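Enquirer: Pasting in a structure now, in structure tokens, and then I'll have a few things to ask.
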Amino acid sequence: TPHDLFFKANLEDKGRAKKWIQTHIDKAIVSNIDFKDMQSLPTEFIQSNLRKVVSDVLYSVKIKGKDAYIYFLLEHQSSSDELMAFRMLTYTVQIMQWHLSQGNKKLPLVIPSVLYHGKESPYPYSSTVIDCFDDVGLAKEYAFRSFELIDLTMMDDKQIENFDTSLFFEYMLKH
């Protein structure tokens, strides 16, 4: 849309993007950014299912001159979207996957931001991905927590033998 092009044209200018970040992003993180190494990055990502995902503007910066990257994902939105928080999570994961594909060994920090100027005011939906779940209570308890690790190498054989017999495959996997 013309709004998208206008947004992109403005924030593709590094000086303007720097000012935007300094104005709208948490001051604690902004104070640690080395803006001289700020780089504009591609905003098109191809998912494993060959679906193309496109964000509006993406920059990388260094923190205190170190290779600890922060990617700023700046997205323009002229209409409300109930699943916007999930969409931003999708973009964030795509950026992380791209970062790893560049040979990096650790995940980068990605700070997503949405600039909204739609008809509904205030923005009617949550910016928290947990609120995108049908059962928010279960999501708060179980989504995005550490995965369950069943470490057979730490179990003795007697412990595994006490499992239901249908789980005998675990004993076989261990040995």
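Every chain in the structure tokens takes a letter, A first, then B, and so on in the order presented; its residues are numbered from 1, and the ligands are numbered from 1 following the presented order.
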Taking the DSSP assignment computed from this structure's backbone, write out as a ChimeraX atom specification all residues of chain A that belong to strand (DSSP E).

Expert: /A:33-40,44-46,52-54,57-63,66-77,109-116

Enquirer: Can you write just those residues out, C-alpha atoms, as a short mmCIF file (atom, residue, chain, number, x, y, z; two decimals), in the first residue's frame?

Expert:
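What follows is the written file result_17.cif:
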```
data_model
loop_
_atom_site.label_atom_id
_atom_site.label_comp_id
_atom_site.auth_asym_id
_atom_site.auth_seq_id
_atom_site.Cartn_x
_atom_site.Cartn_y
_atom_site.Cartn_z
CA ILE A 33 23.83 0.20 21.07
CA ASP A 34 26.72 1.06 18.81
CA PHE A 35 24.88 2.84 15.98
CA LYS A 36 27.97 3.37 13.81
CA ASP A 37 27.78 -0.29 12.75
CA MET A 38 24.03 -0.19 12.05
CA GLN A 39 23.26 -2.22 8.93
CA SER A 40 20.12 -2.55 6.86
CA GLU A 44 12.39 -11.36 2.77
CA PHE A 45 12.66 -14.82 4.26
CA ILE A 46 11.71 -18.15 2.74
CA LYS A 52 7.74 -16.20 1.64
CA VAL A 53 7.62 -13.95 4.71
CA VAL A 54 8.32 -10.25 4.25
CA VAL A 57 12.41 -2.75 7.72
CA LEU A 58 15.17 -4.66 9.50
CA TYR A 59 18.43 -3.37 11.00
CA SER A 60 21.24 -5.02 12.89
CA VAL A 61 23.41 -3.21 15.42
CA LYS A 62 26.20 -4.17 17.79
CA ILE A 63 26.14 -3.77 21.53
CA LYS A 66 30.77 -6.56 20.34
CA ASP A 67 29.27 -9.08 17.98
CA ALA A 68 26.18 -9.37 20.15
CA TYR A 69 23.62 -8.51 17.52
CA ILE A 70 20.26 -6.96 18.07
CA TYR A 71 17.92 -7.00 15.14
CA PHE A 72 15.29 -4.32 15.10
CA LEU A 73 12.21 -5.44 13.24
CA LEU A 74 10.14 -2.40 12.37
CA GLU A 75 6.68 -3.17 11.02
CA HIS A 76 4.00 -0.83 9.74
CA GLN A 77 0.34 -1.66 10.35
CA LEU A 109 18.13 -10.61 20.25
CA VAL A 110 15.28 -9.43 18.03
CA ILE A 111 13.24 -6.43 19.14
CA PRO A 112 10.00 -6.26 17.16
CA SER A 113 8.14 -2.96 16.89
CA VAL A 114 4.86 -2.15 15.19
CA LEU A 115 3.88 1.35 14.14
CA TYR A 116 0.07 1.42 14.01
#
```

Enquirer: If you count only C-alpha atoms, which residues fall within 9 Å of segment 121-137 of chain A, apart from same-chain ones fewer than 6 positions away, as a list in words?

Expert: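 Contacts, with the query itself left out: Ser79, Ser80, Asp81, Glu82, Leu83, Met84, Ala85, Phe86, Arg87, Met88, Leu89, Ala143 and Phe144 of chain A.
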
Enquirer: Compile the contact shell of Asp151 of chain A as number ranges by chain: residues with an atom at most 12 Å away, counting only C-alpha atoms, same-chain residues fewer than 2 positions apart removed.

Expert: A: 147-149, 153-156, 160, 170-171, 173-174

Enquirer: Please save N, CA, C and O atoms of the selected residues as a PDB file, in the first residue's frame.

Expert:
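Full text of out-v9.pdb as output:
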```
ATOM      1  N   PHE A 147      11.743 -26.999  27.456  1.00  0.00           N
ATOM      2  CA  PHE A 147      11.174 -28.268  27.022  1.00  0.00           C
ATOM      3  C   PHE A 147      11.426 -29.346  28.073  1.00  0.00           C
ATOM      4  O   PHE A 147      12.340 -29.235  28.893  1.00  0.00           O
ATOM      5  N   GLU A 148      10.577 -30.355  28.072  1.00  0.00           N
ATOM      6  CA  GLU A 148      10.741 -31.484  28.979  1.00  0.00           C
ATOM      7  C   GLU A 148      11.889 -32.346  28.463  1.00  0.00           C
ATOM      8  O   GLU A 148      11.879 -32.766  27.311  1.00  0.00           O
ATOM      9  N   LEU A 149      12.858 -32.605  29.293  1.00  0.00           N
ATOM     10  CA  LEU A 149      14.006 -33.417  28.906  1.00  0.00           C
ATOM     11  C   LEU A 149      13.955 -34.732  29.658  1.00  0.00           C
ATOM     12  O   LEU A 149      13.965 -34.753  30.898  1.00  0.00           O
ATOM     13  N   THR A 153      20.331 -41.239  29.693  1.00  0.00           N
ATOM     14  CA  THR A 153      21.710 -41.472  30.149  1.00  0.00           C
ATOM     15  C   THR A 153      21.837 -41.269  31.657  1.00  0.00           C
ATOM     16  O   THR A 153      22.788 -41.745  32.264  1.00  0.00           O
ATOM     17  N   MET A 154      20.881 -40.553  32.239  1.00  0.00           N
ATOM     18  CA  MET A 154      20.924 -40.278  33.674  1.00  0.00           C
ATOM     19  C   MET A 154      20.039 -41.239  34.482  1.00  0.00           C
ATOM     20  O   MET A 154      20.000 -41.167  35.700  1.00  0.00           O
ATOM     21  N   MET A 155      19.336 -42.133  33.779  1.00  0.00           N
ATOM     22  CA  MET A 155      18.461 -43.095  34.462  1.00  0.00           C
ATOM     23  C   MET A 155      19.159 -44.442  34.553  1.00  0.00           C
ATOM     24  O   MET A 155      19.764 -44.895  33.585  1.00  0.00           O
ATOM     25  N   ASP A 156      19.031 -45.076  35.726  1.00  0.00           N
ATOM     26  CA  ASP A 156      19.591 -46.433  35.799  1.00  0.00           C
ATOM     27  C   ASP A 156      18.565 -47.410  35.232  1.00  0.00           C
ATOM     28  O   ASP A 156      17.380 -47.101  35.096  1.00  0.00           O
ATOM     29  N   ILE A 160      14.188 -47.469  34.606  1.00  0.00           N
ATOM     30  CA  ILE A 160      13.512 -47.639  33.314  1.00  0.00           C
ATOM     31  C   ILE A 160      12.639 -48.895  33.332  1.00  0.00           C
ATOM     32  O   ILE A 160      11.536 -48.897  32.786  1.00  0.00           O
ATOM     33  N   GLU A 170      12.392 -47.342  25.402  1.00  0.00           N
ATOM     34  CA  GLU A 170      13.354 -46.426  26.006  1.00  0.00           C
ATOM     35  C   GLU A 170      14.585 -47.191  26.503  1.00  0.00           C
ATOM     36  O   GLU A 170      15.704 -46.716  26.382  1.00  0.00           O
ATOM     37  N   TYR A 171      14.358 -48.379  27.090  1.00  0.00           N
ATOM     38  CA  TYR A 171      15.464 -49.220  27.530  1.00  0.00           C
ATOM     39  C   TYR A 171      16.324 -49.615  26.330  1.00  0.00           C
ATOM     40  O   TYR A 171      17.560 -49.566  26.385  1.00  0.00           O
ATOM     41  N   LEU A 173      16.598 -48.006  23.472  1.00  0.00           N
ATOM     42  CA  LEU A 173      17.311 -46.821  22.971  1.00  0.00           C
ATOM     43  C   LEU A 173      18.548 -46.531  23.817  1.00  0.00           C
ATOM     44  O   LEU A 173      19.595 -46.172  23.286  1.00  0.00           O
ATOM     45  N   LYS A 174      18.409 -46.704  25.117  1.00  0.00           N
ATOM     46  CA  LYS A 174      19.542 -46.440  26.008  1.00  0.00           C
ATOM     47  C   LYS A 174      20.704 -47.379  25.714  1.00  0.00           C
ATOM     48  O   LYS A 174      21.852 -46.984  25.740  1.00  0.00           O
TER      49      LYS A 174
END
```

Enquirer: Atom CA of Asp56 of chain A and atom CA of Thr43 of chain A are how many Å apart?

Expert: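 So the answer is 6.5 Å.
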
Enquirer: When you draw a straight line from atom CA of Asn32 of chain A to atom CA of Lys105 of chain A, how long is it in Å?

Expert: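 Taking atom CA of Asn32 of chain A as the start and atom CA of Lys105 of chain A as the end point, the length is 21.9 Å.
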
Enquirer: Return as a ChimeraX atom specification the full set of residues in chain A whose backbone-based DSSP assignment is helix (DSSP H, G or I).

Expert: /A:2-11,14-24,27-30,84-101,129-132,136-142,152-154,157-161,165-174

Enquirer: Could you tell me how far atom CA of Phe7 of chain A lies from atom CA of Trp20 of chain A, in Å and to one decimal?

Expert: 11.6 Å
